[in-house]
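To be precise, the following lines are input-v9.cif, and they hold mmCIF, C-alpha atoms.
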data_entry
loop_
_atom_site.label_atom_id
_atom_site.label_comp_id
_atom_site.auth_asym_id
_atom_site.auth_seq_id
_atom_site.Cartn_x
_atom_site.Cartn_y
_atom_site.Cartn_z
CA MET H 1 191.92 38.28 51.84
CA ILE H 2 190.83 38.48 48.20
CA LYS H 3 191.72 42.01 47.17
CA ASP H 4 191.74 44.10 43.97
CA ARG H 5 189.90 41.40 42.03
CA ASP H 6 186.81 41.56 39.84
CA ILE H 7 183.85 39.51 41.12
CA VAL H 8 180.60 38.71 39.30
CA ILE H 9 177.61 37.62 41.41
CA ILE H 10 174.58 35.79 40.03
CA GLY H 11 171.70 34.49 42.11
CA ILE H 12 168.01 34.12 42.73
CA GLN H 13 167.65 37.31 44.80
CA PRO H 14 167.77 40.56 42.78
CA TRP H 15 169.19 43.76 44.18
CA ASP H 16 165.70 45.28 44.36
CA ILE H 17 164.34 42.51 46.60
CA GLU H 18 162.30 43.87 49.53
CA ILE H 19 163.51 41.42 52.18
CA GLY H 20 166.95 40.86 53.66
CA SER H 21 169.41 39.02 51.46
CA ASN H 22 172.54 37.09 52.38
CA CYS H 23 173.88 37.61 48.90
CA LYS H 24 173.48 41.39 49.03
CA ASN H 25 175.31 41.50 52.35
CA ILE H 26 178.11 39.38 50.89
CA ALA H 27 178.28 41.63 47.81
CA LEU H 28 178.69 44.73 49.99
CA GLN H 29 181.56 43.06 51.83
CA PHE H 30 183.19 41.92 48.58
CA ALA H 31 182.96 45.50 47.29
CA ARG H 32 185.02 46.87 50.17
CA HIS H 33 188.20 45.61 48.49
CA ASN H 34 187.12 44.41 45.03
CA ARG H 35 185.09 45.52 42.04
CA VAL H 36 181.74 43.71 42.07
CA LEU H 37 179.02 43.23 39.45
CA TYR H 38 175.75 42.07 41.05
CA VAL H 39 173.49 40.55 38.39
CA ASN H 40 169.73 40.42 38.83
CA ALA H 41 167.79 37.45 37.51
CA PRO H 42 166.56 38.18 33.97
CA LEU H 43 162.90 38.72 33.18
CA ASP H 44 161.16 35.47 32.35
CA ARG H 45 158.25 35.02 29.94
CA PHE H 46 155.72 33.98 32.61
CA SER H 47 156.47 36.98 34.86
CA LEU H 48 156.15 39.29 31.87
CA TRP H 49 152.68 37.91 31.18
CA LYS H 50 151.47 37.69 34.80
CA GLU H 51 153.04 40.78 36.39
CA ARG H 52 153.38 43.16 33.45
CA GLN H 53 152.02 46.12 35.44
CA SER H 54 154.36 45.69 38.40
CA ALA H 55 157.17 48.22 38.87
CA LYS H 56 159.83 45.51 38.81
CA VAL H 57 158.68 44.04 35.50
CA LYS H 58 158.32 47.49 33.97
CA THR H 59 161.89 48.36 34.93
CA ARG H 60 163.24 45.18 33.36
CA LEU H 61 161.12 45.65 30.26
CA HIS H 62 162.36 49.23 29.83
CA VAL H 63 165.95 47.95 29.97
CA ILE H 64 165.20 45.31 27.34
CA GLN H 65 163.56 47.95 25.14
CA GLY H 66 166.56 50.25 25.53
CA ARG H 67 164.54 52.96 27.28
CA GLN H 68 166.80 52.98 30.34
CA PRO H 69 170.28 51.64 31.16
CA GLY H 70 170.58 48.21 32.65
CA LEU H 71 173.92 48.80 34.36
CA LEU H 72 173.63 50.92 37.52
CA HIS H 73 176.42 52.19 39.77
CA ILE H 74 175.53 51.44 43.42
CA THR H 75 178.73 52.37 45.26
CA ASP H 76 182.37 53.06 44.33
CA ASN H 77 183.11 49.37 43.67
CA LEU H 78 179.63 47.92 43.16
CA TRP H 79 177.42 47.79 40.05
CA ASN H 80 173.99 46.24 39.57
CA LEU H 81 172.91 44.76 36.24
CA TYR H 82 169.38 44.34 34.89
CA PRO H 83 169.93 41.85 32.03
CA ASP H 84 168.64 43.10 28.68
CA THR H 85 167.03 39.79 27.74
CA ILE H 86 163.95 37.66 28.33
CA VAL H 87 164.34 33.97 29.15
CA GLU H 88 161.74 31.30 28.57
CA SER H 89 159.73 29.93 31.50
CA VAL H 90 160.55 26.24 31.31
CA ASN H 91 159.99 24.79 34.76
CA TRP H 92 156.70 23.27 33.60
CA LEU H 93 158.63 20.95 31.26
CA THR H 94 159.37 17.46 32.50
CA PRO H 95 163.02 16.64 33.19
CA GLY H 96 164.70 15.41 30.04
CA ARG H 97 166.25 16.40 26.75
CA LEU H 98 163.82 19.17 25.80
CA TYR H 99 164.22 20.91 29.15
CA GLN H 100 168.01 20.68 28.87
CA ILE H 101 167.98 22.24 25.39
CA VAL H 102 165.78 25.19 26.39
CA ASN H 103 167.60 25.74 29.68
CA LYS H 104 170.91 25.80 27.81
CA TYR H 105 169.41 28.36 25.44
CA ASN H 106 168.33 30.47 28.45
CA ASN H 107 171.82 30.16 29.95
CA ARG H 108 173.38 31.44 26.72
CA ARG H 109 171.07 34.46 26.55
CA PHE H 110 171.75 35.27 30.17
CA ALA H 111 175.51 34.85 29.76
CA ALA H 112 175.55 37.12 26.68
CA SER H 113 173.91 39.92 28.66
CA VAL H 114 176.30 39.47 31.59
CA LYS H 115 179.29 39.37 29.24
CA LYS H 116 178.34 42.75 27.75
CA ALA H 117 178.38 44.32 31.23
CA ILE H 118 181.67 42.60 32.06
CA ASP H 119 183.24 44.05 28.91
CA GLU H 120 181.77 47.50 29.57
CA LEU H 121 183.26 47.53 33.07
CA GLY H 122 186.57 46.15 31.85
CA PHE H 123 186.51 43.20 34.26
CA LYS H 124 189.46 40.84 33.84
CA ASP H 125 190.29 37.44 35.34
CA TYR H 126 187.07 37.64 37.34
CA LEU H 127 185.64 35.32 39.96
CA LEU H 128 182.05 34.09 39.62
CA PHE H 129 179.93 33.70 42.76
CA ASN H 130 176.64 31.83 42.31
CA ASP H 131 174.01 32.31 45.03
CA GLN H 132 172.27 28.95 44.55
CA TYR H 133 171.07 29.81 41.03
CA MET H 134 170.96 26.19 39.93
CA PHE H 135 169.07 26.59 36.64
CA LEU H 136 170.40 29.75 34.97
CA GLY H 137 173.72 29.23 36.73
CA PHE H 138 174.13 25.70 35.43
CA TYR H 139 176.27 26.48 32.36
CA GLN H 140 177.82 29.78 33.46
CA LYS H 141 181.18 28.27 34.38
CA GLU H 142 181.59 27.17 30.77
CA LEU H 143 179.99 30.22 29.16
CA LEU H 144 181.70 32.94 31.22
CA ASP H 145 184.94 31.03 31.92
CA PRO H 146 185.81 32.68 35.26
CA ASP H 147 189.10 32.15 37.12
CA LEU H 148 187.06 30.64 39.96
CA TYR H 149 183.47 29.41 40.10
CA VAL H 150 181.96 29.45 43.62
CA TYR H 151 178.59 27.89 44.47
CA TYR H 152 176.95 29.24 47.65
CA MET H 153 174.30 27.18 49.50
CA ARG H 154 172.17 28.88 52.16
CA ASP H 155 168.85 27.05 51.89
CA ASN H 156 167.37 23.63 51.18
CA LEU H 157 165.83 24.80 47.92
CA VAL H 158 165.19 21.33 46.53
CA ASN H 159 162.69 20.83 49.33
CA ASN H 160 160.53 23.41 47.54
CA PRO H 161 158.40 21.86 44.74
CA TYR H 162 159.47 24.52 42.21
CA TRP H 163 163.17 23.81 42.69
CA ARG H 164 162.81 20.09 43.38
CA LYS H 165 161.41 19.22 39.96
CA HIS H 166 164.68 19.84 38.12
CA GLY H 167 167.01 20.78 40.97
CA LYS H 168 167.11 17.37 42.59
CA GLU H 169 169.13 16.17 39.60
CA MET H 170 170.78 19.43 38.53
CA GLU H 171 172.07 20.81 41.84
CA PRO H 172 174.37 17.84 42.58
CA GLN H 173 175.80 18.16 39.05
CA LEU H 174 176.36 21.89 39.52
CA ILE H 175 177.99 21.31 42.91
CA GLY H 176 180.23 18.71 41.31
CA LYS H 177 181.62 21.02 38.65
CA ALA H 178 182.03 24.10 40.87
CA ASP H 179 185.59 24.97 41.88
CA LEU H 180 184.43 25.75 45.42
CA VAL H 181 181.23 25.17 47.41
CA VAL H 182 180.55 27.28 50.51
CA SER H 183 177.58 26.93 52.85
CA ASN H 184 176.08 28.57 55.94
CA SER H 185 175.06 25.25 57.48
CA LEU H 186 176.85 22.06 58.52
CA LEU H 187 174.04 20.05 56.91
CA TYR H 188 174.48 21.78 53.54
CA THR H 189 178.26 21.37 53.80
CA GLU H 190 177.85 17.64 54.27
CA TYR H 191 175.46 17.55 51.31
CA GLY H 192 177.94 19.46 49.14
CA ALA H 193 180.84 17.22 50.18
CA ARG H 194 179.03 14.21 48.69
CA TYR H 195 179.66 15.71 45.24
CA ASN H 196 182.64 18.03 45.70
CA GLN H 197 185.55 17.69 48.11
CA GLU H 198 186.05 21.47 48.07
CA SER H 199 182.94 22.04 50.21
CA TYR H 200 183.23 24.17 53.32
CA MET H 201 181.16 25.70 56.12
CA VAL H 202 181.64 29.49 56.26
CA GLY H 203 179.03 30.39 58.85
CA GLN H 204 176.53 33.18 58.52
CA GLY H 205 176.84 36.91 58.77
CA CYS H 206 174.47 39.02 60.80
CA ASP H 207 174.42 42.73 61.50
CA THR H 208 174.24 42.48 65.28
CA SER H 209 175.29 46.09 65.93
CA MET H 210 171.70 47.04 66.77
CA PHE H 211 171.55 44.16 69.30
CA ASP H 212 174.94 44.80 70.91
CA ASP H 213 174.31 45.23 74.63
CA SER H 214 177.90 44.82 75.78
CA GLU H 215 177.70 48.25 77.43
CA GLY H 216 174.20 47.69 78.85
CA LYS H 217 172.61 50.57 76.94
CA ILE H 218 169.53 48.72 75.64
CA CYS H 219 166.40 49.49 77.66
CA VAL H 220 163.63 46.97 78.30
CA ALA H 221 160.47 47.57 76.26
CA GLU H 222 157.79 49.31 78.32
CA ASP H 223 155.02 46.82 77.54
CA LEU H 224 157.12 43.95 78.92
CA LYS H 225 157.11 45.52 82.36
CA GLN H 226 153.50 44.43 82.91
CA PHE H 227 154.58 40.77 83.08
CA THR H 228 156.04 39.00 86.09
CA CYS H 229 159.23 37.00 85.67
CA PRO H 230 160.29 34.66 84.32
CA ILE H 231 159.58 35.84 80.78
CA ILE H 232 160.25 33.23 78.11
CA GLY H 233 160.27 35.02 74.79
CA TYR H 234 160.40 34.63 71.03
CA VAL H 235 160.92 37.34 68.39
CA GLY H 236 160.07 36.71 64.74
CA TYR H 237 157.37 35.68 62.32
CA LEU H 238 154.97 33.20 63.92
CA SER H 239 154.59 30.59 61.20
CA ALA H 240 153.12 27.14 61.87
CA ARG H 241 155.28 25.78 59.03
CA ARG H 242 158.41 26.52 61.04
CA LEU H 243 157.38 26.78 64.70
CA ASP H 244 155.96 24.07 66.96
CA ILE H 245 152.65 25.33 68.36
CA HIS H 246 152.24 22.17 70.46
CA LEU H 247 155.62 22.75 72.10
CA ILE H 248 154.70 26.31 73.05
CA THR H 249 151.38 25.01 74.43
CA TYR H 250 153.23 22.36 76.44
CA LEU H 251 155.59 24.89 78.00
CA ALA H 252 152.75 27.24 78.90
CA THR H 253 150.55 24.57 80.46
CA GLN H 254 153.37 22.82 82.33
CA LYS H 255 154.65 26.10 83.77
CA PRO H 256 151.68 28.44 84.39
CA ASP H 257 153.97 30.77 86.39
CA TRP H 258 156.06 31.42 83.25
CA ASN H 259 154.97 34.19 80.90
CA ILE H 260 155.41 33.14 77.28
CA VAL H 261 155.80 36.33 75.22
CA LEU H 262 155.63 36.13 71.42
CA VAL H 263 156.68 39.21 69.45
CA GLY H 264 155.89 39.21 65.74
CA PRO H 265 153.14 38.83 63.16
CA GLN H 266 151.11 35.62 63.08
CA ASP H 267 150.04 33.38 60.24
CA GLU H 268 146.45 32.12 60.08
CA VAL H 269 147.20 28.92 62.00
CA PHE H 270 148.69 30.81 64.92
CA GLU H 271 145.82 33.29 64.90
CA LYS H 272 143.32 30.44 65.27
CA SER H 273 145.37 28.35 67.71
CA SER H 274 144.34 27.55 71.29
CA LEU H 275 147.39 29.49 72.49
CA HIS H 276 145.15 32.55 72.58
CA GLN H 277 143.08 30.91 75.33
CA LEU H 278 146.08 30.47 77.65
CA SER H 279 146.39 33.28 80.20
CA ASN H 280 150.19 33.12 80.36
CA VAL H 281 150.77 33.31 76.58
CA HIS H 282 150.97 36.86 75.28
CA PHE H 283 150.95 37.92 71.62
CA LEU H 284 152.41 41.41 71.29
CA GLY H 285 152.17 41.65 67.51
CA ALA H 286 154.62 43.00 64.95
CA ARG H 287 157.25 45.54 65.99
CA GLN H 288 159.66 47.68 64.01
CA PRO H 289 163.14 46.11 63.61
CA GLU H 290 164.76 48.80 65.74
CA GLU H 291 162.39 47.95 68.63
CA LEU H 292 163.31 44.26 68.80
CA PRO H 293 166.47 44.59 70.94
CA SER H 294 164.42 46.16 73.75
CA TYR H 295 162.07 43.16 73.76
CA ILE H 296 164.89 40.62 73.77
CA LYS H 297 166.50 42.59 76.61
CA GLY H 298 163.37 41.97 78.70
CA PHE H 299 163.38 38.18 78.21
CA ASP H 300 164.78 35.96 80.93
CA VAL H 301 165.23 33.19 78.35
CA ALA H 302 164.89 33.47 74.57
CA ILE H 303 163.59 30.46 72.66
CA ASN H 304 163.48 29.20 69.09
CA PRO H 305 160.83 26.43 69.13
CA GLN H 306 161.31 25.13 65.60
CA LEU H 307 159.51 22.24 64.04
CA VAL H 308 162.03 19.68 62.84
CA SER H 309 161.71 19.22 59.08
CA GLU H 310 163.83 19.03 55.94
CA VAL H 311 163.65 22.82 55.80
CA THR H 312 164.56 23.65 59.41
CA GLN H 313 167.26 20.98 59.82
CA GLY H 314 169.68 22.98 57.71
CA ASN H 315 168.46 26.56 57.98
CA TYR H 316 170.67 29.01 59.84
CA PRO H 317 168.42 30.90 62.31
CA ARG H 318 169.68 34.50 62.29
CA LYS H 319 167.64 35.32 65.39
CA ILE H 320 170.00 33.17 67.48
CA ASP H 321 172.82 35.65 66.81
CA GLU H 322 170.50 38.50 67.78
CA TYR H 323 169.56 36.78 71.04
CA LEU H 324 173.22 36.09 71.84
CA ALA H 325 174.34 39.63 71.00
CA VAL H 326 171.95 40.95 73.65
CA GLY H 327 173.45 38.35 76.01
CA LYS H 328 170.35 36.28 76.65
CA PRO H 329 170.30 32.56 77.51
CA VAL H 330 168.86 30.70 74.52
CA VAL H 331 167.02 27.39 74.36
CA ALA H 332 166.43 26.08 70.84
CA THR H 333 165.33 22.96 69.02
CA ALA H 334 168.29 20.70 68.24
CA THR H 335 168.82 20.65 64.47
CA ARG H 336 171.92 19.99 62.38
CA ALA H 337 172.29 23.73 61.74
CA MET H 338 172.12 24.46 65.48
CA ASP H 339 175.20 22.30 66.15
CA TYR H 340 177.10 25.44 65.15
CA PHE H 341 175.85 27.10 68.35
CA LYS H 342 176.18 24.19 70.76
CA GLU H 343 178.81 25.92 72.94
CA ASP H 344 176.50 28.85 73.70
CA VAL H 345 172.92 27.58 73.25
CA TYR H 346 170.92 24.96 75.14
CA LEU H 347 169.70 22.45 72.52
CA ALA H 348 166.56 20.42 73.21
CA SER H 349 165.54 17.26 71.36
CA ASN H 350 162.10 16.82 72.92
CA TYR H 351 159.48 18.68 74.95
CA GLN H 352 160.72 17.51 78.35
CA GLU H 353 164.25 18.61 77.51
CA TYR H 354 162.91 22.02 76.53
CA LEU H 355 161.30 22.36 79.93
CA SER H 356 164.35 21.24 81.91
CA LEU H 357 166.80 23.29 79.82
CA ILE H 358 164.78 26.49 80.28
CA GLU H 359 164.83 25.83 84.03
CA LYS H 360 168.59 25.25 83.83
CA ALA H 361 169.11 28.43 81.81
CA LEU H 362 167.18 30.44 84.39
CA GLN H 363 169.17 28.97 87.27
CA GLU H 364 172.72 29.25 85.94
CA ASP H 365 172.64 32.58 84.08
CA SER H 366 175.53 34.80 85.08
CA GLU H 367 177.44 37.88 83.99
CA GLN H 368 180.29 35.67 82.75
CA LEU H 369 177.91 33.67 80.55
CA ARG H 370 176.25 36.83 79.28
CA LYS H 371 179.59 38.25 78.16
CA LYS H 372 180.52 34.98 76.48
CA ARG H 373 177.24 34.93 74.57
CA GLN H 374 177.64 38.58 73.51
CA LYS H 375 181.12 37.84 72.18
CA THR H 376 179.80 34.92 70.12
CA GLY H 377 176.93 36.97 68.69
CA ALA H 378 179.27 39.80 67.72
CA SER H 379 181.71 37.39 66.05
CA HIS H 380 179.12 36.22 63.52
CA SER H 381 179.51 39.34 61.41
CA TRP H 382 179.36 39.59 57.64
CA GLU H 383 182.99 40.68 57.66
CA ASN H 384 184.06 37.47 59.42
CA CYS H 385 181.82 35.35 57.19
CA VAL H 386 183.27 36.85 54.00
CA ASN H 387 186.82 36.58 55.34
CA THR H 388 186.19 32.84 55.73
CA ILE H 389 184.93 32.70 52.14
CA TYR H 390 188.09 34.56 51.06
CA HIS H 391 190.22 31.99 52.89
CA TYR H 392 188.76 29.11 50.88
CA MET H 393 188.82 31.10 47.64
CA ASP H 394 192.54 31.70 48.20
CA GLU H 395 193.17 28.03 48.89
CA VAL H 396 191.37 26.82 45.78
CA LEU H 397 192.92 29.50 43.55
CA TYR H 398 196.34 28.41 44.79
CA LYS H 399 195.56 24.76 44.02
CA LYS H 400 194.33 25.69 40.54
CA GLU H 401 197.50 27.68 39.83
CA LYS H 402 199.71 24.89 41.16
CA HIS H 403 197.82 22.10 39.40
CA PRO H 404 196.05 23.57 36.34
CA ALA H 405 193.43 21.40 34.63
CA GLN H 406 194.95 19.13 32.02
CA SER H 407 191.88 19.25 29.80
CA PHE H 408 188.68 21.22 29.38
CA VAL H 409 185.38 19.36 29.48
CA ASP H 410 183.05 20.89 26.92
CA TRP H 411 179.64 20.70 28.56
CA LEU H 412 178.08 22.49 25.63
#
Just dump the structure as structure tokens.
Amino acid sequence: MIKDRDIVIIGIQPWDIEIGSNCKNIALQFARHNRVLYVNAPLDRFSLWKERQSAKVKTRLHVIQGRQPGLLHITDNLWNLYPDTIVESVNWLTPGRLYQIVNKYNNRRFAASVKKAIDELGFKDYLLFNDQYMFLGFYQKELLDPDLYVYYMRDNLVNNPYWRKHGKEMEPQLIGKADLVVSNSLLYTEYGARYNQESYMVGQGCDTSMFDDSEGKICVAEDLKQFTCPIIGYVGYLSARRLDIHLITYLATQKPDWNIVLVGPQDEVFEKSSLHQLSNVHFLGARQPEELPSYIKGFDVAINPQLVSEVTQGNYPRKIDEYLAVGKPVVATATRAMDYFKEDVYLASNYQEYLSLIEKALQEDSEQLRKKRQKTGASHSWENCVNTIYHYMDEVLYKKEKHPAQSFVDWL
């Protein structure tokens, strides 16, 4: 375990983000035994112009103007920093020398703001953890000179046009000069290993306590009781970019005696799809997070019918842990990320396999298998994930102490 150290976290997700954040969960675990500075992304020129009236921009602008402090104390060992600087919006520039010059300028401004907070907190010999911040994190190893520079990959960002433009060239370089690369997907680990031999899979954390049904205390949702079994269910946002509508249609039409229950909000494509004309497909709409375990409890088989794409091949589907924690049989699309679950999840490579594996899951479910699945779901905790990160941090720190660098490459 890494203990009694100072850790600085930079990344693309600020502390005041409205959605769930891997990096925030990791920061909270780090802060159990270390002092942690969580740095928000600085205000950029375009956001200042476009979103000036938003609460988030106003807060950052007030910090820059000195009207409120930028360093906030969150818990005993955790601080959050709003950088007191504006960086230039440069993604519109074409890759090349001009972009590199302005991005380096942005990196320096960002680093200067972070350094002030580091000095104010009295951080020494700190570790720097970069949550896939490939642009403003590009020069931070050189500018902040941490004892250890860790790059964390949790998404295929370069598949997104915004990140692809410069990230396709910059991310491999950043991976290459990191001391350690950790990922939540086997696919991303393989990608990282192409540029850095210190690349490791650390899994994914998930707060499954709400889904823990090891004592059988979760009750089935009342509105599921109207459906006859078997109930084949999905919980989550119904997005045509990530889910295979044709696969769901195939399952429903091939097995009219199955009730396909979809719990979650729909995008426009789902709302207009022919699924709504099928009598055995049921859209129950959005539910509060605390209600979801009771719906999963009522499923006979839980599914994750992903489309296979560059995005989904590597993405870690957190809902799988939730399904497993309740103890449900799970049938999911076979992707590289899903290899991680192959001992506990039925993985289908085509529509026919989906059909036969759901039938198999229904037939062979047992109390022994339910307990095994619950144990797996519970093991994918943030504590275990961060302990794995600590393990590799320790290893690399030991190697650095045993074989210190013979020379310093001045990237600036």
When you look at H:Ala31 with a cut-off of 9 Å (counting all atoms listed in the file), what residues show up, excluding the ones that are within fewer than 6 positions of it in the same chain? I need them as a PDB file with C-alpha atoms, keeping the file's coordinate frame.
ATOM      1  CA  ILE H   7     183.850  39.510  41.120  1.00  0.00           C
ATOM      2  CA  THR H  75     178.730  52.370  45.260  1.00  0.00           C
ATOM      3  CA  ASP H  76     182.370  53.060  44.330  1.00  0.00           C
ATOM      4  CA  ASN H  77     183.110  49.370  43.670  1.00  0.00           C
ATOM      5  CA  LEU H  78     179.630  47.920  43.160  1.00  0.00           C
TER       6      LEU H  78
END
Around all the atoms of stretch 180-190 of chain H listed in the file, draw an axis-aligned box and extend it by 5 Å on each of the six sides; I want its centre and edge lengths in Å to one decimal, as JSON.
{"center_x": 179.2, "center_y": 23.1, "center_z": 52.0, "size_x": 20.4, "size_y": 20.9, "size_z": 23.1}
Which neighbours of H:Tyr295 fall inside 9 Å, counting only C-alpha atoms, when residues of the same chain fewer than 2 positions from it are skipped, and could you give them as number ranges by chain?
-> H: 219-224, 233, 235, 263, 291-293, 297-299
Using all atoms listed in the file, what does the table of stretch 204-301 of chain H residues within 9 Å of stretch 352-371 of chain H look like, with each row giving the shortest atom pair and its distance in Å to one decimal, sorted by chain and ascending number, as JSON lines?
{"residue": "H:Ser214", "atom": "CA", "partner": "H:Lys371", "partner_atom": "CA", "distance": 7.2}
{"residue": "H:Pro230", "atom": "CA", "partner": "H:Leu362", "partner_atom": "CA", "distance": 8.1}
{"residue": "H:Ile232", "atom": "CA", "partner": "H:Ile358", "partner_atom": "CA", "distance": 8.4}
{"residue": "H:Leu247", "atom": "CA", "partner": "H:Tyr354", "partner_atom": "CA", "distance": 8.6}
{"residue": "H:Tyr250", "atom": "CA", "partner": "H:Leu355", "partner_atom": "CA", "distance": 8.8}
{"residue": "H:Leu251", "atom": "CA", "partner": "H:Leu355", "partner_atom": "CA", "distance": 6.5}
{"residue": "H:Gln254", "atom": "CA", "partner": "H:Leu355", "partner_atom": "CA", "distance": 8.3}
{"residue": "H:Lys255", "atom": "CA", "partner": "H:Leu355", "partner_atom": "CA", "distance": 8.5}
{"residue": "H:Asp300", "atom": "CA", "partner": "H:Leu362", "partner_atom": "CA", "distance": 6.9}
{"residue": "H:Val301", "atom": "CA", "partner": "H:Leu362", "partner_atom": "CA", "distance": 6.9}
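For H:Arg32, the list of residues within 12 Å, based on all atoms listed in the file and with local chain neighbours fewer than 6 positions off taken out, reads Met1, Ile2, Lys3, Asp4, Arg5, Asp6, Ile7, Asn25, Ile26, Thr75, Asp76, Asn77, Leu78, Trp382, Glu383, Val386 and Asn387 of chain H.
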List the residues matched by the PyMOL selection byres ((chain H and resi 135-137) around 8) in the displayed structure as a VMD selection string, ordered by chain and then by residue number.
-> chain H and resid 10 to 11 103 106 to 107 110 130 132 to 134 138 to 141 167 170
Name every residue that the PyMOL selection byres ((chain H and resi 74) around 12) selects in this structure, writing the answer as a PyMOL selection string with chains first and numbers rising.
-> chain H and resi 15-16+24+27-28+31+35-38+71-73+75-81
Add whatever atoms are absent from stretch 205-220 of chain H to reach N, CA and C atoms, and provide the output as a tab-separated table (two decimals), in the coordinates of the input.
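Generated output (part_29.tsv):
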chain	number	residue	atom	x	y	z
H	205	GLY	N	176.68	35.56	58.28
H	205	GLY	CA	176.84	36.91	58.77
H	205	GLY	C	175.54	37.44	59.34
H	206	CYS	N	175.65	38.38	60.21
H	206	CYS	CA	174.47	39.02	60.80
H	206	CYS	C	174.89	40.39	61.30
H	207	ASP	N	174.12	41.40	60.98
H	207	ASP	CA	174.42	42.73	61.50
H	207	ASP	C	173.85	42.82	62.91
H	208	THR	N	174.69	42.51	63.88
H	208	THR	CA	174.24	42.48	65.28
H	208	THR	C	174.50	43.80	66.00
H	209	SER	N	174.95	44.82	65.27
H	209	SER	CA	175.29	46.09	65.93
H	209	SER	C	174.10	46.67	66.69
H	210	MET	N	172.90	46.51	66.13
H	210	MET	CA	171.70	47.04	66.77
H	210	MET	C	171.37	46.27	68.05
H	211	PHE	N	171.87	45.02	68.15
H	211	PHE	CA	171.55	44.16	69.30
H	211	PHE	C	172.70	44.11	70.31
H	212	ASP	N	173.77	44.83	70.03
H	212	ASP	CA	174.94	44.80	70.91
H	212	ASP	C	174.63	45.49	72.25
H	213	ASP	N	174.60	44.68	73.30
H	213	ASP	CA	174.31	45.23	74.63
H	213	ASP	C	175.50	45.06	75.56
H	214	SER	N	176.69	45.02	74.97
H	214	SER	CA	177.90	44.82	75.78
H	214	SER	C	178.11	45.94	76.79
H	215	GLU	N	177.57	47.13	76.50
H	215	GLU	CA	177.70	48.25	77.43
H	215	GLU	C	176.41	48.49	78.23
H	216	GLY	N	175.44	47.60	78.06
H	216	GLY	CA	174.20	47.69	78.85
H	216	GLY	C	173.32	48.88	78.53
H	217	LYS	N	173.35	49.36	77.29
H	217	LYS	CA	172.61	50.57	76.94
H	217	LYS	C	171.19	50.30	76.42
H	218	ILE	N	170.88	49.04	76.13
H	218	ILE	CA	169.53	48.72	75.64
H	218	ILE	C	168.56	48.73	76.81
H	219	CYS	N	167.43	49.42	76.62
H	219	CYS	CA	166.40	49.49	77.66
H	219	CYS	C	165.29	48.49	77.39
H	220	VAL	N	164.72	47.93	78.43
H	220	VAL	CA	163.63	46.97	78.30
H	220	VAL	C	162.38	47.67	77.77
